[in-house]
Amino acid sequence: MNTTEQQHFNERAAGYETEIGTEYPQALKWRLIEKYSGAGQTIVDIGGANGRHAVDLARHGRKVTCVDLSPGMLEQMRLRDEFLSLQEEQRPTPVVSKAQCLPIASNSADMAYCFATLLLMPDQEEAISELVRIVKPGGFIILDIARPWNVSWFYWDRHYKKLGFPGIFPLSSARTKKLFLNLNCSMLEKIATGLLSQLLYLPFIENGTNLRSWIHKKGQSPDIDGKMTAILPGFANRDYIVLQKGLLP
Ligand SMILES: C[S@@+](CC[C@H](N)C(=O)[O-])C[C@H]1O[C@@H](n2cnc3c(N)ncnc32)[C@H](O)[C@@H]1O
């Protein structure tokens with residue numbers, strides 16, 4: 001495997017964020033993975049990068065596998081002080097793999113999650129099917145899904161195409177609803193964010209105003225952006241979704 005994506009993330013690995021983050025969408029990711037997992041459970045982080053979430057989850061007693069297509073990202077995880085401070089058997093297990101074809105047994109994990117990664121895949125439905133496949137019946141799958149009616153994608157699509165990626169691939173609600181039904185999953189939570197944060201991509205807004213600090217006030221959950229997006233979810237940037245895999249095949 002030696003793709004443009006792999007090379008790009010290998011090059012970014014040394015500088016990639018290790019903190020989970022305090023802005024509402026970042027804090028929300030942590031709240032969800034903590035809520036839907038318990039100590040001693042088997043968890044798989046897909047697109048886990050440098051263990052940004054996986055290492056903290058392991059510190060909270062979960063048995064975590066961190067999957068990423070970038071060996072450079074996983075190497076950064078192995079070098080982190082927080083990783084090295086864990087007993088060997090508590091450390092997340094790094095696995096180099098594409099999300100679309102996971103080398104993980106079916107029905108083996110209590111929970112699997114994938115953040116900020118699916119939107120890069122034209123074939124993300126295959127990756128979502130893989131996440132569902134590896135989770136035990138009754139287990140949880142947590143995803144963030146990019147939604148199409150948001151102007152931020154003009155910026156990100158151009159950004160990633162310039163880097164040689166195929167682009168950005170938001171999915172409509174109707175499409176994911178059908179997919180989740182076909183995968184025998186029920187949706188337990190859907191939290192929309194990013195209605196107001198898309199304005200930051202308009203000229204002069206990010207640098208010329210204090211919009212960011214107003215819509216993402218520290219400690220607010222949901223913040224103003226989250227509250228407004230709940231009113232108009234059709235224009236969300238992301239939906240954070242919790243699925244439960246059906247008990248019957
Ligand atoms: C933007 S980072 C997100 C990291 C982390 N999940 C977070 O929320 O901060 C995307 C990560 O996904 C990985 N990635 C991209 N495409 C992937 C794929 N098809 N399969 C597995 N990992 C992938 C990249 O190497 C990178 O580490």
# chains A, B, ... in the order shown; residues from 1 in each chain; ligands from 1

$ residues_around --residues "stretch 204-211 of chain A" --least-positions-apart "6" --cutoff "12 Å" --atoms "only C-alpha atoms" --output "list in words"
Leu196, Ser197, Gln198, Lys217, Ile224 and Asp225 of chain A

$ write_last_selection --atoms "N, CA and C atoms" --output "mmCIF file, in the first residue's frame"
data_model
loop_
_atom_site.group_PDB
_atom_site.id
_atom_site.type_symbol
_atom_site.label_atom_id
_atom_site.label_comp_id
_atom_site.auth_asym_id
_atom_site.auth_seq_id
_atom_site.Cartn_x
_atom_site.Cartn_y
_atom_site.Cartn_z
ATOM 1 N N LEU A 196 -23.259 27.023 11.712
ATOM 2 C CA LEU A 196 -22.651 28.362 11.753
ATOM 3 C C LEU A 196 -21.169 28.337 11.403
ATOM 4 N N SER A 197 -20.504 27.224 11.731
ATOM 5 C CA SER A 197 -19.046 27.220 11.500
ATOM 6 C C SER A 197 -18.723 27.271 10.008
ATOM 7 N N GLN A 198 -19.708 26.955 9.139
ATOM 8 C CA GLN A 198 -19.432 27.064 7.698
ATOM 9 C C GLN A 198 -19.175 28.513 7.300
ATOM 10 N N LYS A 217 -18.092 28.732 22.167
ATOM 11 C CA LYS A 217 -17.684 29.230 23.498
ATOM 12 C C LYS A 217 -17.165 28.081 24.337
ATOM 13 N N ILE A 224 -23.146 27.380 20.718
ATOM 14 C CA ILE A 224 -24.167 28.081 19.918
ATOM 15 C C ILE A 224 -24.290 27.433 18.539
ATOM 16 N N ASP A 225 -23.181 27.025 17.981
ATOM 17 C CA ASP A 225 -23.221 26.339 16.684
ATOM 18 C C ASP A 225 -24.058 25.054 16.783
#

$ residues_near_ligand --ligand "ligand 1" --cutoff "8 Å" --atoms "only C-alpha atoms and all ligand atoms" --output "MDAnalysis selection string"
chainID A and resid 5:6 8:10 13 17 20 26 29 45:53 67:70 73 96:100 114:118 120:121 127

$ closest_residue --among "A:Leu32, A:Leu86, A:Ile104, A:Cys66" --to "A:Arg133" --atoms "only C-alpha atoms"
A:Ile104

$ residues_around --residues "A:Trp30" --least-positions-apart "2" --cutoff "10 Å" --atoms "only C-alpha atoms" --output "list in words"
Ile20, Gly21, Thr22, Pro25, Gln26, Ala27, Leu28, Leu32, Ile33, Glu34, Lys35, His53, Asp56 and Leu57 of chain A

$ closest_residue --among "A:Gly246, A:Trp156, A:Asn150, A:Ile241" --to "A:Leu199" --atoms "only C-alpha atoms"
A:Asn150

$ select_by_dssp --residues "stretch 54-214 of chain A" --states "alpha helix (DSSP H)" --output "MDAnalysis selection string"
chainID A and resid 54:59 71:79 81:84 124:134 152:162 173:182 205:208 211:214

$ write_last_selection --atoms "C-alpha atoms" --output "tab-separated table (two decimals), in the first residue's frame"
chain	number	residue	atom	x	y	z
A	54	ALA	CA	-7.18	5.56	21.31
A	55	VAL	CA	-4.46	6.27	23.89
A	56	ASP	CA	-6.82	8.12	26.26
A	57	LEU	CA	-9.41	5.39	25.87
A	58	ALA	CA	-6.77	2.77	26.74
A	59	ARG	CA	-5.88	4.86	29.81
A	71	PRO	CA	2.37	3.69	9.31
A	72	GLY	CA	3.86	7.11	10.15
A	73	MET	CA	0.83	8.05	12.26
A	74	LEU	CA	0.92	4.75	14.15
A	75	GLU	CA	4.66	5.14	14.72
A	76	GLN	CA	3.95	8.55	16.32
A	77	MET	CA	1.47	6.84	18.64
A	78	ARG	CA	4.17	4.37	19.74
A	79	LEU	CA	6.52	7.27	20.54
A	81	ASP	CA	4.82	9.52	26.42
A	82	GLU	CA	1.18	8.72	27.25
A	83	PHE	CA	1.48	5.48	25.25
A	84	LEU	CA	4.80	4.49	26.81
A	124	GLN	CA	-17.02	5.02	2.48
A	125	GLU	CA	-20.10	2.79	2.48
A	126	GLU	CA	-17.69	-0.17	2.32
A	127	ALA	CA	-15.82	1.18	5.34
A	128	ILE	CA	-19.06	1.66	7.28
A	129	SER	CA	-20.05	-1.95	6.42
A	130	GLU	CA	-16.67	-3.09	7.73
A	131	LEU	CA	-17.14	-1.24	11.02
A	132	VAL	CA	-20.53	-2.91	11.43
A	133	ARG	CA	-19.11	-6.34	10.47
A	134	ILE	CA	-16.42	-6.33	13.20
A	152	SER	CA	-17.23	24.36	3.89
A	153	TRP	CA	-16.94	21.47	1.40
A	154	PHE	CA	-16.06	23.88	-1.44
A	155	TYR	CA	-12.94	24.76	0.55
A	156	TRP	CA	-12.05	21.22	1.68
A	157	ASP	CA	-12.78	19.58	-1.68
A	158	ARG	CA	-10.43	22.02	-3.43
A	159	HIS	CA	-7.83	21.64	-0.64
A	160	TYR	CA	-7.70	17.84	-0.87
A	161	LYS	CA	-7.87	17.74	-4.69
A	162	LYS	CA	-4.80	20.03	-4.79
A	173	SER	CA	-29.34	11.58	5.21
A	174	ALA	CA	-31.50	9.51	2.86
A	175	ARG	CA	-28.48	7.53	1.68
A	176	THR	CA	-27.15	6.76	5.15
A	177	LYS	CA	-30.64	5.90	6.44
A	178	LYS	CA	-30.94	3.25	3.71
A	179	LEU	CA	-27.42	1.98	4.36
A	180	PHE	CA	-27.95	1.64	8.13
A	181	LEU	CA	-31.20	-0.22	7.49
A	182	ASN	CA	-29.47	-2.62	5.06
A	205	ILE	CA	-14.86	36.05	8.46
A	206	GLU	CA	-12.31	33.85	10.25
A	207	ASN	CA	-9.66	36.57	10.52
A	208	GLY	CA	-11.84	39.68	10.47
A	211	LEU	CA	-17.28	34.52	15.11
A	212	ARG	CA	-15.29	31.40	16.05
A	213	SER	CA	-15.03	32.29	19.73
A	214	TRP	CA	-18.74	33.25	19.80

$ closest_residue --among "A:Gly138, A:Gly194, A:Pro94, A:Gly61" --to "A:Asn237" --atoms "only C-alpha atoms"
A:Gly194

$ atom_distance --atom1 "atom CA of A:Arg91" --atom2 "atom CA of A:Asn107"
21.9 Å

$ select_by_dssp --residues "stretch 39-120 of chain A" --states "strand (DSSP E)" --output "PyMOL selection string"
chain A and resi 42-46+63-68+93-96+109-114

$ write_last_selection --atoms "C-alpha atoms" --output "PDB file, in the first residue's frame"
ATOM      1  CA  THR A  42     -12.744  -4.301  23.067  1.00  0.00           C
ATOM      2  CA  ILE A  43     -12.778  -1.109  21.016  1.00  0.00           C
ATOM      3  CA  VAL A  44     -11.545  -0.388  17.470  1.00  0.00           C
ATOM      4  CA  ASP A  45     -10.600   3.142  16.363  1.00  0.00           C
ATOM      5  CA  ILE A  46     -10.585   3.433  12.559  1.00  0.00           C
ATOM      6  CA  LYS A  63      -8.655  -2.709  25.068  1.00  0.00           C
ATOM      7  CA  VAL A  64      -8.099  -0.612  21.983  1.00  0.00           C
ATOM      8  CA  THR A  65      -6.970  -1.414  18.457  1.00  0.00           C
ATOM      9  CA  CYS A  66      -5.903   1.656  16.493  1.00  0.00           C
ATOM     10  CA  VAL A  67      -6.256   1.153  12.720  1.00  0.00           C
ATOM     11  CA  ASP A  68      -4.781   3.603  10.239  1.00  0.00           C
ATOM     12  CA  THR A  93      -2.559  -2.264  19.297  1.00  0.00           C
ATOM     13  CA  PRO A  94      -1.538  -0.488  16.075  1.00  0.00           C
ATOM     14  CA  VAL A  95      -2.786  -2.015  12.798  1.00  0.00           C
ATOM     15  CA  VAL A  96      -1.854  -0.634   9.381  1.00  0.00           C
ATOM     16  CA  ALA A 109     -15.482  -5.764  19.054  1.00  0.00           C
ATOM     17  CA  ASP A 110     -17.837  -4.189  21.588  1.00  0.00           C
ATOM     18  CA  MET A 111     -17.603  -0.854  19.838  1.00  0.00           C
ATOM     19  CA  ALA A 112     -15.934   0.665  16.758  1.00  0.00           C
ATOM     20  CA  TYR A 113     -15.686   4.307  15.804  1.00  0.00           C
ATOM     21  CA  CYS A 114     -14.355   6.435  12.985  1.00  0.00           C
TER      22      CYS A 114
END

$ residues_around --residues "A:Met228" --least-positions-apart "3" --cutoff "12 Å" --atoms "only C-alpha atoms" --output "PDB file with C-alpha atoms, in the first residue's frame"
ATOM      1  CA  ILE A 191     -26.095  15.055  16.700  1.00  0.00           C
ATOM      2  CA  ALA A 192     -25.679  17.694  14.013  1.00  0.00           C
ATOM      3  CA  THR A 193     -22.977  20.378  14.125  1.00  0.00           C
ATOM      4  CA  GLY A 194     -21.466  22.982  11.814  1.00  0.00           C
ATOM      5  CA  LEU A 195     -24.360  25.156  10.595  1.00  0.00           C
ATOM      6  CA  LEU A 196     -22.651  28.362  11.753  1.00  0.00           C
ATOM      7  CA  SER A 197     -19.046  27.220  11.500  1.00  0.00           C
ATOM      8  CA  ILE A 215     -20.102  30.066  18.195  1.00  0.00           C
ATOM      9  CA  HIS A 216     -17.660  27.725  19.984  1.00  0.00           C
ATOM     10  CA  PRO A 222     -23.849  22.136  22.941  1.00  0.00           C
ATOM     11  CA  ASP A 223     -22.290  25.433  21.950  1.00  0.00           C
ATOM     12  CA  ILE A 224     -24.167  28.081  19.918  1.00  0.00           C
ATOM     13  CA  ASP A 225     -23.221  26.339  16.684  1.00  0.00           C
ATOM     14  CA  ILE A 231     -32.804  23.741  14.606  1.00  0.00           C
ATOM     15  CA  LEU A 232     -31.670  23.448  10.951  1.00  0.00           C
ATOM     16  CA  PRO A 233     -29.954  20.021  10.754  1.00  0.00           C
ATOM     17  CA  GLY A 234     -30.297  19.878   6.955  1.00  0.00           C
ATOM     18  CA  PHE A 235     -27.417  22.368   6.701  1.00  0.00           C
ATOM     19  CA  ALA A 236     -25.086  20.585   9.117  1.00  0.00           C
TER      20      ALA A 236
END
